[in-house]
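In what follows, a structure is listed as structure tokens, so that the remarks can point back to it.
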Amino acid sequence: MSLKKSIPDGRGNNCCLSQIKEHDAELFAISIDTVQDQKKFVEEYGVPYSHLSDTAKTVCKAYAGLNIAGLAKRSTFVIDKNGKVAKIFREISPERHGQEIISSLQNLK
């Protein structure tokens with residue numbers, strides 16, 4: 001669920017954020033990193049959306065699962081207005097992921 005490696009140059013999903021918001025959607029990241037680490041990352045890369053800290057790994061275990069090292073698996077969940085998971089992305093390409101999110105939002109309508 002962490003987008004750290006998904007936006008190594010500060011672009012990735014950021015380029016598509018305005019288009020995502022046009023679909024009345026919110027984008028945020030959840031990571032097992034501490035609040036301080038999240039803050040540093042957001043500031044360093046100029047990430048314009050919220051990063052939430054899940055150091056207890058509760059949300060990450062429930063949604064994405066953890067890998068053998070105990071780290072959250074990188075995943076994206078598109079959740080509709082009724083709270084139903086409409087799309088899950090497990091294979092994330094930084095170059096295409098923003099557009100993939102937009103396409104899945106378009107399919108919700």
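By order of appearance in the structure tokens: chains A, B, ..., then residues from 1 within every chain, and ligands from 1 in the order shown.
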Neighbour list for Tyr63 (chain A) as a ChimeraX atom specification, cut-off 9 Å, only C-alpha atoms, skip fewer than 2 positions in-chain: /A:1,58-61,65,75,77
Using only C-alpha atoms, the residue out of A:Ala62, A:Gln38, A:Thr76, A:Asp24 with shortest distance to Ser50 (chain A) is A:Gln38
Once DSSP has gone over the backbone, tell me which residues of chain A are in strand (DSSP E), as a PyMOL selection string. chain A and resi 28-31+50-53+76-79+85-89
Please report, as a tab-separated table, each residue of region 69-100 of chain A lying at most 12 Å from region 104-108 of chain A, together with the nearest pair of atoms and the separation in Å rounded to one decimal; use only C-alpha atoms, and order rows by chain and ascending residue number.
residue	atom	partner	partner_atom	distance
A:Thr76	CA	A:Ser104	CA	11.1
A:Phe77	CA	A:Ser104	CA	10.1
A:Val78	CA	A:Ser104	CA	7.5
A:Ile79	CA	A:Leu105	CA	9.3
A:Asp80	CA	A:Leu108	CA	7.4
A:Lys81	CA	A:Leu108	CA	9.6
A:Asn82	CA	A:Leu108	CA	11.3
A:Lys84	CA	A:Leu108	CA	11.1
A:Val85	CA	A:Leu108	CA	10.9
A:Ala86	CA	A:Leu108	CA	7.7
A:Lys87	CA	A:Ser104	CA	7.0
A:Ile88	CA	A:Ser104	CA	9.5
A:Phe89	CA	A:Ser104	CA	10.0
A:His97	CA	A:Ser104	CA	10.5
A:Gly98	CA	A:Ser104	CA	10.1
A:Gln99	CA	A:Ser104	CA	8.6
A:Glu100	CA	A:Ser104	CA	6.3
Using N, CA and C atoms, can you export the residues from the last selection as an mmCIF file, in the first residue's frame?
data_model
loop_
_atom_site.group_PDB
_atom_site.id
_atom_site.type_symbol
_atom_site.label_atom_id
_atom_site.label_comp_id
_atom_site.auth_asym_id
_atom_site.auth_seq_id
_atom_site.Cartn_x
_atom_site.Cartn_y
_atom_site.Cartn_z
ATOM 1 N N THR A 76 -3.185 -1.147 -4.571
ATOM 2 C CA THR A 76 -4.105 -0.016 -4.624
ATOM 3 C C THR A 76 -5.517 -0.570 -4.628
ATOM 4 N N PHE A 77 -6.376 0.042 -3.844
ATOM 5 C CA PHE A 77 -7.775 -0.360 -3.762
ATOM 6 C C PHE A 77 -8.656 0.805 -4.179
ATOM 7 N N VAL A 78 -9.526 0.566 -5.118
ATOM 8 C CA VAL A 78 -10.532 1.555 -5.505
ATOM 9 C C VAL A 78 -11.801 1.122 -4.785
ATOM 10 N N ILE A 79 -12.280 1.995 -3.914
ATOM 11 C CA ILE A 79 -13.457 1.693 -3.099
ATOM 12 C C ILE A 79 -14.577 2.632 -3.523
ATOM 13 N N ASP A 80 -15.726 2.054 -3.859
ATOM 14 C CA ASP A 80 -16.821 2.898 -4.354
ATOM 15 C C ASP A 80 -17.509 3.637 -3.207
ATOM 16 N N LYS A 81 -18.480 4.468 -3.554
ATOM 17 C CA LYS A 81 -19.159 5.315 -2.561
ATOM 18 C C LYS A 81 -19.956 4.518 -1.539
ATOM 19 N N ASN A 82 -20.224 3.250 -1.840
ATOM 20 C CA ASN A 82 -20.942 2.385 -0.901
ATOM 21 C C ASN A 82 -19.992 1.599 -0.005
ATOM 22 N N LYS A 84 -17.701 -0.521 -1.064
ATOM 23 C CA LYS A 84 -17.360 -1.807 -1.677
ATOM 24 C C LYS A 84 -16.055 -1.666 -2.466
ATOM 25 N N VAL A 85 -15.167 -2.649 -2.305
ATOM 26 C CA VAL A 85 -13.936 -2.656 -3.078
ATOM 27 C C VAL A 85 -14.296 -2.984 -4.524
ATOM 28 N N ALA A 86 -14.068 -2.016 -5.411
ATOM 29 C CA ALA A 86 -14.455 -2.168 -6.812
ATOM 30 C C ALA A 86 -13.299 -2.659 -7.680
ATOM 31 N N LYS A 87 -12.067 -2.393 -7.262
ATOM 32 C CA LYS A 87 -10.908 -2.789 -8.061
ATOM 33 C C LYS A 87 -9.704 -2.895 -7.138
ATOM 34 N N ILE A 88 -8.891 -3.916 -7.380
ATOM 35 C CA ILE A 88 -7.645 -4.095 -6.638
ATOM 36 C C ILE A 88 -6.508 -4.176 -7.644
ATOM 37 N N PHE A 89 -5.485 -3.372 -7.411
ATOM 38 C CA PHE A 89 -4.273 -3.431 -8.225
ATOM 39 C C PHE A 89 -3.176 -4.045 -7.368
ATOM 40 N N HIS A 97 0.329 3.761 -13.450
ATOM 41 C CA HIS A 97 -0.645 3.539 -12.389
ATOM 42 C C HIS A 97 -1.679 4.652 -12.234
ATOM 43 N N GLY A 98 -1.265 5.890 -12.363
ATOM 44 C CA GLY A 98 -2.229 6.986 -12.261
ATOM 45 C C GLY A 98 -3.347 6.832 -13.275
ATOM 46 N N GLN A 99 -2.979 6.524 -14.505
ATOM 47 C CA GLN A 99 -3.988 6.350 -15.555
ATOM 48 C C GLN A 99 -4.844 5.110 -15.294
ATOM 49 N N GLU A 100 -4.247 4.067 -14.732
ATOM 50 C CA GLU A 100 -5.025 2.868 -14.385
ATOM 51 C C GLU A 100 -6.080 3.182 -13.334
#
Neighbour list for Ala56 (chain A) as a list in words, cut-off 12 Å, only C-alpha atoms, skip fewer than 2 positions in-chain: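 Near neighbours after the sequence-gap exclusion: Ile30, Ser31, Ile32, Asp33, Thr34, Leu52, Ser53, Asp54, Thr58, Val59, Cys60, Lys61, Ala62, Leu66, Gly70, Leu71 and Ala72 of chain A.
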Could you write those residues out with N, CA and C atoms, as a PDB file, in the first residue's frame?
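Printed below is out09.pdb as written:
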ATOM      1  N   ILE A  30      -1.400   4.426   2.539  1.00  0.00           N
ATOM      2  CA  ILE A  30      -1.258   3.865   3.882  1.00  0.00           C
ATOM      3  C   ILE A  30       0.029   3.055   3.888  1.00  0.00           C
ATOM      4  N   SER A  31       0.848   3.302   4.882  1.00  0.00           N
ATOM      5  CA  SER A  31       2.138   2.633   4.970  1.00  0.00           C
ATOM      6  C   SER A  31       2.400   2.206   6.406  1.00  0.00           C
ATOM      7  N   ILE A  32       3.268   1.216   6.563  1.00  0.00           N
ATOM      8  CA  ILE A  32       3.651   0.806   7.916  1.00  0.00           C
ATOM      9  C   ILE A  32       4.747   1.704   8.480  1.00  0.00           C
ATOM     10  N   ASP A  33       5.179   2.685   7.698  1.00  0.00           N
ATOM     11  CA  ASP A  33       6.187   3.641   8.165  1.00  0.00           C
ATOM     12  C   ASP A  33       5.603   4.547   9.247  1.00  0.00           C
ATOM     13  N   THR A  34       6.474   5.116  10.047  1.00  0.00           N
ATOM     14  CA  THR A  34       6.037   6.024  11.108  1.00  0.00           C
ATOM     15  C   THR A  34       5.520   7.332  10.510  1.00  0.00           C
ATOM     16  N   LEU A  52      -1.042   8.010   5.367  1.00  0.00           N
ATOM     17  CA  LEU A  52      -1.465   7.568   6.688  1.00  0.00           C
ATOM     18  C   LEU A  52      -0.507   6.505   7.199  1.00  0.00           C
ATOM     19  N   SER A  53      -0.259   6.520   8.495  1.00  0.00           N
ATOM     20  CA  SER A  53       0.676   5.585   9.099  1.00  0.00           C
ATOM     21  C   SER A  53      -0.076   4.440   9.770  1.00  0.00           C
ATOM     22  N   ASP A  54       0.342   3.220   9.474  1.00  0.00           N
ATOM     23  CA  ASP A  54      -0.251   2.002  10.049  1.00  0.00           C
ATOM     24  C   ASP A  54       0.864   1.155  10.655  1.00  0.00           C
ATOM     25  N   THR A  58      -2.407  -3.073  11.035  1.00  0.00           N
ATOM     26  CA  THR A  58      -3.787  -3.546  11.068  1.00  0.00           C
ATOM     27  C   THR A  58      -4.455  -3.454   9.702  1.00  0.00           C
ATOM     28  N   VAL A  59      -4.422  -2.277   9.097  1.00  0.00           N
ATOM     29  CA  VAL A  59      -5.058  -2.074   7.795  1.00  0.00           C
ATOM     30  C   VAL A  59      -4.300  -2.846   6.718  1.00  0.00           C
ATOM     31  N   CYS A  60      -2.978  -2.793   6.785  1.00  0.00           N
ATOM     32  CA  CYS A  60      -2.179  -3.491   5.776  1.00  0.00           C
ATOM     33  C   CYS A  60      -2.424  -4.994   5.804  1.00  0.00           C
ATOM     34  N   LYS A  61      -2.564  -5.569   6.971  1.00  0.00           N
ATOM     35  CA  LYS A  61      -2.869  -7.007   7.064  1.00  0.00           C
ATOM     36  C   LYS A  61      -4.253  -7.301   6.507  1.00  0.00           C
ATOM     37  N   ALA A  62      -5.209  -6.430   6.809  1.00  0.00           N
ATOM     38  CA  ALA A  62      -6.590  -6.662   6.382  1.00  0.00           C
ATOM     39  C   ALA A  62      -6.769  -6.529   4.879  1.00  0.00           C
ATOM     40  N   LEU A  66       0.956  -8.894   4.112  1.00  0.00           N
ATOM     41  CA  LEU A  66       2.355  -8.581   4.358  1.00  0.00           C
ATOM     42  C   LEU A  66       3.221  -9.597   3.638  1.00  0.00           C
ATOM     43  N   GLY A  70       7.555  -8.977   6.489  1.00  0.00           N
ATOM     44  CA  GLY A  70       6.644  -8.235   7.350  1.00  0.00           C
ATOM     45  C   GLY A  70       6.294  -6.851   6.841  1.00  0.00           C
ATOM     46  N   LEU A  71       6.652  -6.567   5.593  1.00  0.00           N
ATOM     47  CA  LEU A  71       6.328  -5.279   4.985  1.00  0.00           C
ATOM     48  C   LEU A  71       5.021  -5.385   4.212  1.00  0.00           C
ATOM     49  N   ALA A  72       4.313  -4.277   4.124  1.00  0.00           N
ATOM     50  CA  ALA A  72       3.051  -4.265   3.386  1.00  0.00           C
ATOM     51  C   ALA A  72       3.323  -4.499   1.909  1.00  0.00           C
TER      52      ALA A  72
END
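In terms of minimum interatomic distance to Lys39 (chain A), A:His51 ranks closest within A:Gly83, A:Ala64, A:Ser93, A:His51, counting only C-alpha atoms.
Taking only C-alpha atoms into account, Pro48 (chain A) lies nearest to A:Ser18 out of the set A:Ser103, A:Asn67, A:Ser18, A:Gln36.
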Two-atom distance - CA of Leu17 (chain A), CA of Lys73 (chain A) (Å):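 Distance between the two atoms: 22.2 Å.
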Identify, with DSSP run on backbone atoms, the residues in chain A assigned to alpha helix (DSSP H), and express the list as a ChimeraX atom specification. /A:17-22,35-45,58-62,97-106
Top pick for closest residue to Asp37 (chain A), considering A:Arg90, A:Cys16, A:Thr55, A:Arg74 and counting only C-alpha atoms: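 Nearest candidate to Asp37 (chain A) out of A:Arg90, A:Cys16, A:Thr55, A:Arg74: A:Thr55.
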